[in-house]
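A.B. asks: This is the structure, below, for whatever I ask next.
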Amino acid sequence: MTKVIDWLNQNKKLLFSLEITPPDRGKSMDDILSGIDPLMHFEPQFINVTYHQPHMVYEEKDNVITRRPRRKKPGTVGICSAIKNRFQVEPVPHLICGSFNRYETEDTLIDLHFLGIKNLLALRGDPPPGQARYIPEKNGHQYASQLVEQIAQLNRGKYLDELEDPFPTNFCIGVAAYPEKHFESPNLQKDLFYLKNKVDMGAEYIITQMFFDFEIYKHFVEKARDMGIHVPIIPGLKPLVSKKQLFDIPSTFHVNIPVELVNLIEESRTPEQAFTQGVRYMARLAEQLITYGVPGLHVFTMGYGRSTLALLEMVFGKKP
Ligand code: FAD
């Protein structure tokens with residue numbers, strides 16, 4: 001089954017997907033792929049690959065300062081193709097608004113369609129490092145809902161220019177959501193209002209930002225349903241396994257870490273103990289979510305294949 005939404009509609013089994021990040025420019029993709037090799041035992045149905053905006057690099061030569069965009073992590077589309085070949089698993093490239101104008105987005109969609117890609121996660125994108133606010137390209141999209149609309153239009157055969165007998169694409173569109181609200185949003189209600197907009201534009205399912213408290217997910221799903229959002233909401237999970245991550249995760253992802261988890265990590269006497277406590281905590285959360293009846297689990301690996309493997313072994317049992 002190649003589309004996420006078909007899988008969700010037709011399978012009674014829990015969907016399980018992984019998210020990986022391309023390597024830094026100049027690094028081999030083999031490390032990333034061999035990092036997820038051991039996770040393949042757990043038979044993920046989909047592997048998402050993140051996309052990263054370029055940041056501006058300033059260079060001075062002969063007293064002239066020039067500015068040029070530089071992408072730290074290129075290769076999303078290439079890795080998607082490698083995943084298909086190496087693991088025979090459907091890749092889900094992330095497509096962002098940032099750094100694309102509408103015409104470049106259309107060209108990218110055509111490339112992805114020709115490559116046989118059937119699923120996309122449509123996002124606005126994070127501002128590049130060193131830039132506080134998101135700034136769209138000229139003639140680009142300000143919000144992910146506009147990107148969703150453009151993809152949905154292409155699925156209907158509507159290109160930006162009028163074409164004779166245009167061929168429609170056939171993408172299944174997912175979007176992101178934030179159980180603790182997006183950090184720029186004044187409140188959860190307003191954020192949900194715009195989330196509904198993405199669904200109305202054509203998003204077929206939602207993947208959430210990571211969270212560390214079951215009640216936060218449950219409350220979010222209830223509020224989303226009240227708002228009239230009825231598509232599947234797949235929880236995003238990330239084991240927090242070190243003292244460093246106690247600071248890095250909240251500051252990067254704007255999420256709350258419950259007292260219980262903070263205590264477990266802070267009171268750990270060794271990094272190995274913190275690792276085990278963090279994975280155990282996340283496994284308990286995953287089990288609560290499964291009991292609640294979530295449509296799937298989406299695990300952010302972020303290059304930390306080891307904590308993902310430990311989590312999966314705890315939740316689904318050790319594989320030979
Ligand atoms: P949007 O849905 O556009 O929302 C952004 C903000 O604008 C929100 O506060 C929303 O409430 C508000 N808003 C929306 N519409 C309107 C409107 N019409 N008027 C006023 N306000 C509005 N980032 C990357 O760069 N690359 C990735 O690969 C990537 N993958 C991700 C995967 C997941 C599962 C998640 C949860 C996030 C991911 N991100 C990624 C991060 C994401 O790009 C950022 O969180 C970004 O800041 C918001 O993206 P969005 O698609 O949710 O934006």
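Chain lettering (A, B, ...) mirrors the order of the structure tokens, residue numbering begins at 1 for each chain separately, and ligand numbering begins at 1 in order of display.
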Can you work out which residues are within 8 Å of ligand 1, considering only C-alpha atoms and all ligand atoms, and then hand them over as a JSON list (two decimals) with C-alpha atoms, in the first residue's frame?
C.D. replies:
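Saved result, part-v6.json, follows:
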[["chain", "number", "residue", "atom", "x", "y", "z"],
["A", 21, "THR", "CA", 17.19, 13.72, 8.69],
["A", 49, "VAL", "CA", 12.75, 12.46, 5.39],
["A", 50, "THR", "CA", 13.04, 16.03, 6.64],
["A", 51, "TYR", "CA", 13.79, 19.03, 4.41],
["A", 52, "HIS", "CA", 15.98, 21.94, 5.46],
["A", 53, "GLN", "CA", 15.95, 25.57, 4.39],
["A", 93, "PRO", "CA", 9.59, 13.55, 1.79],
["A", 94, "HIS", "CA", 8.87, 16.72, 3.71],
["A", 95, "LEU", "CA", 8.17, 19.68, 1.49],
["A", 96, "ILE", "CA", 8.45, 23.15, 2.96],
["A", 98, "GLY", "CA", 10.52, 28.34, 2.95],
["A", 121, "LEU", "CA", 4.34, 16.07, 4.55],
["A", 122, "ALA", "CA", 3.57, 19.71, 3.75],
["A", 123, "LEU", "CA", 5.13, 22.23, 6.14],
["A", 124, "ARG", "CA", 5.89, 25.89, 6.38],
["A", 125, "GLY", "CA", 9.42, 25.14, 7.57],
["A", 126, "ASP", "CA", 11.54, 26.47, 10.38],
["A", 127, "PRO", "CA", 13.39, 29.73, 9.86],
["A", 128, "PRO", "CA", 17.03, 28.99, 8.98],
["A", 134, "TYR", "CA", 10.02, 32.89, 8.98],
["A", 142, "GLN", "CA", 3.41, 32.28, 3.97],
["A", 143, "TYR", "CA", 1.61, 29.30, 5.53],
["A", 144, "ALA", "CA", 1.57, 25.54, 5.09],
["A", 145, "SER", "CA", -2.16, 25.71, 4.23],
["A", 175, "VAL", "CA", 0.56, 18.12, 7.80],
["A", 176, "ALA", "CA", 2.08, 18.93, 11.20],
["A", 177, "ALA", "CA", 0.30, 19.90, 14.42],
["A", 178, "TYR", "CA", 1.33, 20.92, 17.91],
["A", 181, "LYS", "CA", 0.33, 24.77, 20.33],
["A", 182, "HIS", "CA", 2.79, 26.14, 17.79],
["A", 183, "PHE", "CA", 5.21, 28.50, 19.50],
["A", 184, "GLU", "CA", 4.12, 31.51, 17.43],
["A", 185, "SER", "CA", 0.42, 30.96, 18.03],
["A", 186, "PRO", "CA", -1.33, 33.03, 20.72],
["A", 190, "LYS", "CA", -6.28, 29.73, 17.28],
["A", 191, "ASP", "CA", -3.66, 27.17, 16.24],
["A", 192, "LEU", "CA", -6.40, 24.54, 15.83],
["A", 193, "PHE", "CA", -8.42, 26.97, 13.74],
["A", 194, "TYR", "CA", -5.50, 27.16, 11.28],
["A", 195, "LEU", "CA", -4.92, 23.41, 11.51],
["A", 197, "ASN", "CA", -7.73, 25.24, 7.48],
["A", 198, "LYS", "CA", -4.94, 22.86, 6.36],
["A", 207, "ILE", "CA", 1.49, 14.05, 12.53],
["A", 208, "THR", "CA", 2.05, 15.78, 15.86],
["A", 209, "GLN", "CA", 5.08, 17.43, 17.32],
["A", 210, "MET", "CA", 6.68, 15.36, 20.08],
["A", 236, "GLY", "CA", 5.06, 11.95, 17.10],
["A", 253, "PHE", "CA", 10.78, 22.27, 20.03]]
A.B. asks: Write out as a list in words which residues come within 12 Å of A:His219 when counting only C-alpha atoms, dropping same-chain ones fewer than 6 positions away.
C.D. replies: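 In the requested format, the answer is Tyr178, Pro179, Glu180, Lys181, Leu188, Gln189, Asp213, Arg225 and Asp226 of chain A.
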A.B. asks: Run DSSP on the backbone and grab whatever in stretch 45-235 of chain A lands in strand (DSSP E or B); send it over as a ChimeraX atom specification.
C.D. replies: /A:46-49,55-61,64-70,90-96,119-123,172-177,205-210,233-235
A.B. asks: Taking the chain letters and numbering used in this document, name the residues of stretch 45-132 of chain A that DSSP puts in alpha helix (DSSP H), as a ChimeraX atom specification.
C.D. replies: /A:76-87,102-114
A.B. asks: Smallest atom-to-atom distance to A:Val241: which of A:Pro258, A:Pro22, A:Gly116, A:Gly278, using only C-alpha atoms?
C.D. replies: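 Closest candidate: A:Gly278.
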A.B. asks: Skipping near chain neighbours, those fewer than 5 positions away, what residues fall within 9 Å of A:Ala274 using only C-alpha atoms, listed as number ranges by chain?
C.D. replies: A: 240-243, 264-269, 279
A.B. asks: Can you write out the residues you just picked, keeping all heavy atoms, as a PDB file, in the first residue's frame?
C.D. replies:
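Resulting contents of again_25.pdb:
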ATOM      1  N   LEU A 240      13.467  11.013  25.289  1.00  0.00           N
ATOM      2  CA  LEU A 240      14.415  11.997  25.852  1.00  0.00           C
ATOM      3  C   LEU A 240      15.327  11.203  26.782  1.00  0.00           C
ATOM      4  O   LEU A 240      14.858  10.654  27.788  1.00  0.00           O
ATOM      5  CB  LEU A 240      13.627  13.073  26.603  1.00  0.00           C
ATOM      6  CG  LEU A 240      14.402  14.274  27.158  1.00  0.00           C
ATOM      7  CD1 LEU A 240      13.443  15.436  27.411  1.00  0.00           C
ATOM      8  CD2 LEU A 240      15.187  13.957  28.419  1.00  0.00           C
ATOM      9  N   VAL A 241      16.612  11.111  26.456  1.00  0.00           N
ATOM     10  CA  VAL A 241      17.460  10.117  27.123  1.00  0.00           C
ATOM     11  C   VAL A 241      18.750  10.674  27.741  1.00  0.00           C
ATOM     12  O   VAL A 241      19.642   9.904  28.059  1.00  0.00           O
ATOM     13  CB  VAL A 241      17.813   8.976  26.132  1.00  0.00           C
ATOM     14  CG1 VAL A 241      16.592   8.161  25.767  1.00  0.00           C
ATOM     15  CG2 VAL A 241      18.492   9.511  24.870  1.00  0.00           C
ATOM     16  N   SER A 242      18.849  12.000  27.862  1.00  0.00           N
ATOM     17  CA  SER A 242      20.086  12.520  28.476  1.00  0.00           C
ATOM     18  C   SER A 242      19.816  13.847  29.168  1.00  0.00           C
ATOM     19  O   SER A 242      18.814  14.521  28.879  1.00  0.00           O
ATOM     20  CB  SER A 242      21.166  12.714  27.420  1.00  0.00           C
ATOM     21  OG  SER A 242      20.813  13.803  26.584  1.00  0.00           O
ATOM     22  N   LYS A 243      20.730  14.224  30.059  1.00  0.00           N
ATOM     23  CA  LYS A 243      20.578  15.505  30.764  1.00  0.00           C
ATOM     24  C   LYS A 243      20.652  16.660  29.766  1.00  0.00           C
ATOM     25  O   LYS A 243      19.949  17.657  29.906  1.00  0.00           O
ATOM     26  CB  LYS A 243      21.651  15.629  31.845  1.00  0.00           C
ATOM     27  CG  LYS A 243      21.407  14.638  32.962  1.00  0.00           C
ATOM     28  CD  LYS A 243      22.322  14.773  34.138  1.00  0.00           C
ATOM     29  CE  LYS A 243      21.943  13.688  35.146  1.00  0.00           C
ATOM     30  NZ  LYS A 243      22.820  13.526  36.261  1.00  0.00           N
ATOM     31  N   LEU A 264      13.464  11.732  36.755  1.00  0.00           N
ATOM     32  CA  LEU A 264      14.093  10.460  36.375  1.00  0.00           C
ATOM     33  C   LEU A 264      15.458  10.697  35.727  1.00  0.00           C
ATOM     34  O   LEU A 264      16.427   9.997  36.007  1.00  0.00           O
ATOM     35  CB  LEU A 264      13.198   9.700  35.379  1.00  0.00           C
ATOM     36  CG  LEU A 264      11.967   9.010  35.959  1.00  0.00           C
ATOM     37  CD1 LEU A 264      11.047   8.514  34.841  1.00  0.00           C
ATOM     38  CD2 LEU A 264      12.398   7.835  36.840  1.00  0.00           C
ATOM     39  N   ILE A 265      15.521  11.701  34.869  1.00  0.00           N
ATOM     40  CA  ILE A 265      16.783  11.969  34.161  1.00  0.00           C
ATOM     41  C   ILE A 265      17.793  12.618  35.109  1.00  0.00           C
ATOM     42  O   ILE A 265      18.961  12.212  35.170  1.00  0.00           O
ATOM     43  CB  ILE A 265      16.537  12.863  32.921  1.00  0.00           C
ATOM     44  CG1 ILE A 265      15.568  12.195  31.931  1.00  0.00           C
ATOM     45  CG2 ILE A 265      17.845  13.256  32.237  1.00  0.00           C
ATOM     46  CD1 ILE A 265      16.078  10.970  31.215  1.00  0.00           C
ATOM     47  N   GLU A 266      17.321  13.613  35.879  1.00  0.00           N
ATOM     48  CA  GLU A 266      18.261  14.333  36.764  1.00  0.00           C
ATOM     49  C   GLU A 266      18.826  13.424  37.849  1.00  0.00           C
ATOM     50  O   GLU A 266      19.977  13.589  38.257  1.00  0.00           O
ATOM     51  CB  GLU A 266      17.564  15.539  37.404  1.00  0.00           C
ATOM     52  CG  GLU A 266      17.532  16.725  36.457  1.00  0.00           C
ATOM     53  CD  GLU A 266      16.976  17.985  37.096  1.00  0.00           C
ATOM     54  OE1 GLU A 266      16.333  17.891  38.154  1.00  0.00           O
ATOM     55  OE2 GLU A 266      17.194  19.052  36.498  1.00  0.00           O
ATOM     56  N   GLU A 267      18.009  12.487  38.311  1.00  0.00           N
ATOM     57  CA  GLU A 267      18.482  11.629  39.409  1.00  0.00           C
ATOM     58  C   GLU A 267      19.299  10.443  38.913  1.00  0.00           C
ATOM     59  O   GLU A 267      19.811   9.660  39.710  1.00  0.00           O
ATOM     60  CB  GLU A 267      17.274  11.134  40.223  1.00  0.00           C
ATOM     61  CG  GLU A 267      16.681  12.253  41.077  1.00  0.00           C
ATOM     62  CD  GLU A 267      15.261  11.956  41.537  1.00  0.00           C
ATOM     63  OE1 GLU A 267      14.824  10.792  41.429  1.00  0.00           O
ATOM     64  OE2 GLU A 267      14.585  12.908  41.978  1.00  0.00           O
ATOM     65  N   SER A 268      19.428  10.305  37.601  1.00  0.00           N
ATOM     66  CA  SER A 268      20.220   9.188  37.066  1.00  0.00           C
ATOM     67  C   SER A 268      21.696   9.419  37.397  1.00  0.00           C
ATOM     68  O   SER A 268      22.199  10.524  37.242  1.00  0.00           O
ATOM     69  CB  SER A 268      20.053   9.078  35.553  1.00  0.00           C
ATOM     70  OG  SER A 268      18.736   8.721  35.262  1.00  0.00           O
ATOM     71  N   ARG A 269      22.355   8.339  37.833  1.00  0.00           N
ATOM     72  CA  ARG A 269      23.753   8.518  38.251  1.00  0.00           C
ATOM     73  C   ARG A 269      24.721   8.411  37.086  1.00  0.00           C
ATOM     74  O   ARG A 269      25.836   8.915  37.150  1.00  0.00           O
ATOM     75  CB  ARG A 269      24.093   7.477  39.321  1.00  0.00           C
ATOM     76  CG  ARG A 269      23.382   7.810  40.616  1.00  0.00           C
ATOM     77  CD  ARG A 269      24.132   7.288  41.833  1.00  0.00           C
ATOM     78  NE  ARG A 269      23.135   7.023  42.867  1.00  0.00           N
ATOM     79  CZ  ARG A 269      22.657   5.812  43.124  1.00  0.00           C
ATOM     80  NH1 ARG A 269      23.117   4.771  42.491  1.00  0.00           N
ATOM     81  NH2 ARG A 269      21.738   5.658  44.051  1.00  0.00           N
ATOM     82  N   VAL A 279      14.049   5.942  27.946  1.00  0.00           N
ATOM     83  CA  VAL A 279      13.407   5.012  27.006  1.00  0.00           C
ATOM     84  C   VAL A 279      12.200   4.350  27.680  1.00  0.00           C
ATOM     85  O   VAL A 279      11.121   4.235  27.082  1.00  0.00           O
ATOM     86  CB  VAL A 279      14.414   3.955  26.493  1.00  0.00           C
ATOM     87  CG1 VAL A 279      13.704   2.870  25.687  1.00  0.00           C
ATOM     88  CG2 VAL A 279      15.495   4.607  25.651  1.00  0.00           C
TER      89      VAL A 279
END
A.B. asks: When you count only C-alpha atoms, which of these residues is closest to A:Val4: A:Asp37, A:Glu204, A:Asp111, A:Asp161?
C.D. replies: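 Looking at the shortest contact to A:Val4, the residue is A:Glu204.
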A.B. asks: Hey, can you check how far atom CA of A:Val315 sits from atom CA of A:Asp30?
C.D. replies: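 So the two atoms, atom CA of A:Val315 and atom CA of A:Asp30, lie 27.0 Å apart.
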A.B. asks: So what do you get for atom CA of A:Ser81 versus atom CA of A:Phe46, distance-wise?
C.D. replies: 12.8 Å
A.B. asks: Counting only C-alpha atoms, what is within 10 Å of A:Met40, bar same-chain residues fewer than 6 positions away, as a PDB file with N, CA and C atoms, in the first residue's frame?
C.D. replies:
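Written file, out-v3.pdb:
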ATOM      1  N   LEU A  18       8.920   6.077  10.710  1.00  0.00           N
ATOM      2  CA  LEU A  18      10.143   6.670  11.263  1.00  0.00           C
ATOM      3  C   LEU A  18      10.402   7.984  10.572  1.00  0.00           C
ATOM      4  N   PHE A  87      15.325  -0.478   1.066  1.00  0.00           N
ATOM      5  CA  PHE A  87      14.445  -1.137   2.057  1.00  0.00           C
ATOM      6  C   PHE A  87      13.071  -1.503   1.487  1.00  0.00           C
ATOM      7  N   VAL A  89      10.647   0.404   1.250  1.00  0.00           N
ATOM      8  CA  VAL A  89       9.684   1.079   2.130  1.00  0.00           C
ATOM      9  C   VAL A  89       9.332   2.403   1.470  1.00  0.00           C
ATOM     10  N   LEU A 309      15.724   2.286  18.634  1.00  0.00           N
ATOM     11  CA  LEU A 309      15.767   0.822  18.686  1.00  0.00           C
ATOM     12  C   LEU A 309      15.368   0.327  20.079  1.00  0.00           C
TER      13      LEU A 309
END
A.B. asks: Separation of atom CA of A:Phe100 and atom CA of A:Pro136, in Å?
C.D. replies: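 Separating atom CA of A:Phe100 from atom CA of A:Pro136 is a distance of 7.9 Å.
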A.B. asks: Which residues are close to A:Pro44, i.e. within 12 Å by only C-alpha atoms, leaving aside same-chain residues fewer than 6 positions away? Reply as a list of chain:residue names.
C.D. replies: A:Val4, A:Trp7, A:Lys13, A:Leu14, A:Leu15, A:Phe16, A:Ser17, A:Leu18, A:Glu19, A:Ile36, A:Asp37, A:Pro38, A:Ile83, A:Phe87, A:Gln88, A:Val89, A:Glu90, A:Pro91, A:Val92, A:Gly296, A:Leu297, A:His298, A:Val299, A:Leu312
A.B. asks: I need the chosen residues saved as a JSON list (two decimals), in the first residue's frame, with C-alpha atoms.
C.D. replies:
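See result.json below for the written result:
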[["chain", "number", "residue", "atom", "x", "y", "z"],
["A", 4, "VAL", "CA", -0.45, 6.75, 4.12],
["A", 7, "TRP", "CA", -2.91, 2.31, 4.88],
["A", 13, "LYS", "CA", -2.86, -2.73, 12.33],
["A", 14, "LEU", "CA", -1.15, 0.22, 13.99],
["A", 15, "LEU", "CA", 0.77, 2.35, 11.49],
["A", 16, "PHE", "CA", 4.42, 2.73, 12.40],
["A", 17, "SER", "CA", 6.67, 5.29, 10.71],
["A", 18, "LEU", "CA", 10.14, 6.67, 11.26],
["A", 19, "GLU", "CA", 11.52, 10.12, 10.58],
["A", 36, "ILE", "CA", 18.08, 2.79, 10.53],
["A", 37, "ASP", "CA", 19.06, -0.68, 9.26],
["A", 38, "PRO", "CA", 18.42, -2.37, 12.66],
["A", 83, "ILE", "CA", 15.11, 4.23, 0.93],
["A", 87, "PHE", "CA", 14.44, -1.14, 2.06],
["A", 88, "GLN", "CA", 11.43, -1.27, -0.31],
["A", 89, "VAL", "CA", 9.68, 1.08, 2.13],
["A", 90, "GLU", "CA", 7.62, 4.07, 0.99],
["A", 91, "PRO", "CA", 9.45, 7.33, 1.69],
["A", 92, "VAL", "CA", 7.57, 10.47, 2.72],
["A", 296, "GLY", "CA", -0.14, 4.96, 14.50],
["A", 297, "LEU", "CA", 3.17, 5.91, 16.06],
["A", 298, "HIS", "CA", 5.68, 8.19, 14.33],
["A", 299, "VAL", "CA", 9.19, 8.12, 15.83],
["A", 312, "LEU", "CA", 10.83, -0.24, 19.76]]
A.B. asks: Counting only C-alpha atoms, figure out which residue out of A:Lys318, A:Met282, A:Pro232, A:Tyr217 gets nearest to A:Val199.
C.D. replies: A:Pro232
A.B. asks: Set the distance at 7 Å and use only C-alpha atoms: which residues neighbour A:Arg67 once local chain neighbours fewer than 4 positions away are removed? I'd like the list as a PyMOL selection string.
C.D. replies: chain A and resi 56-59
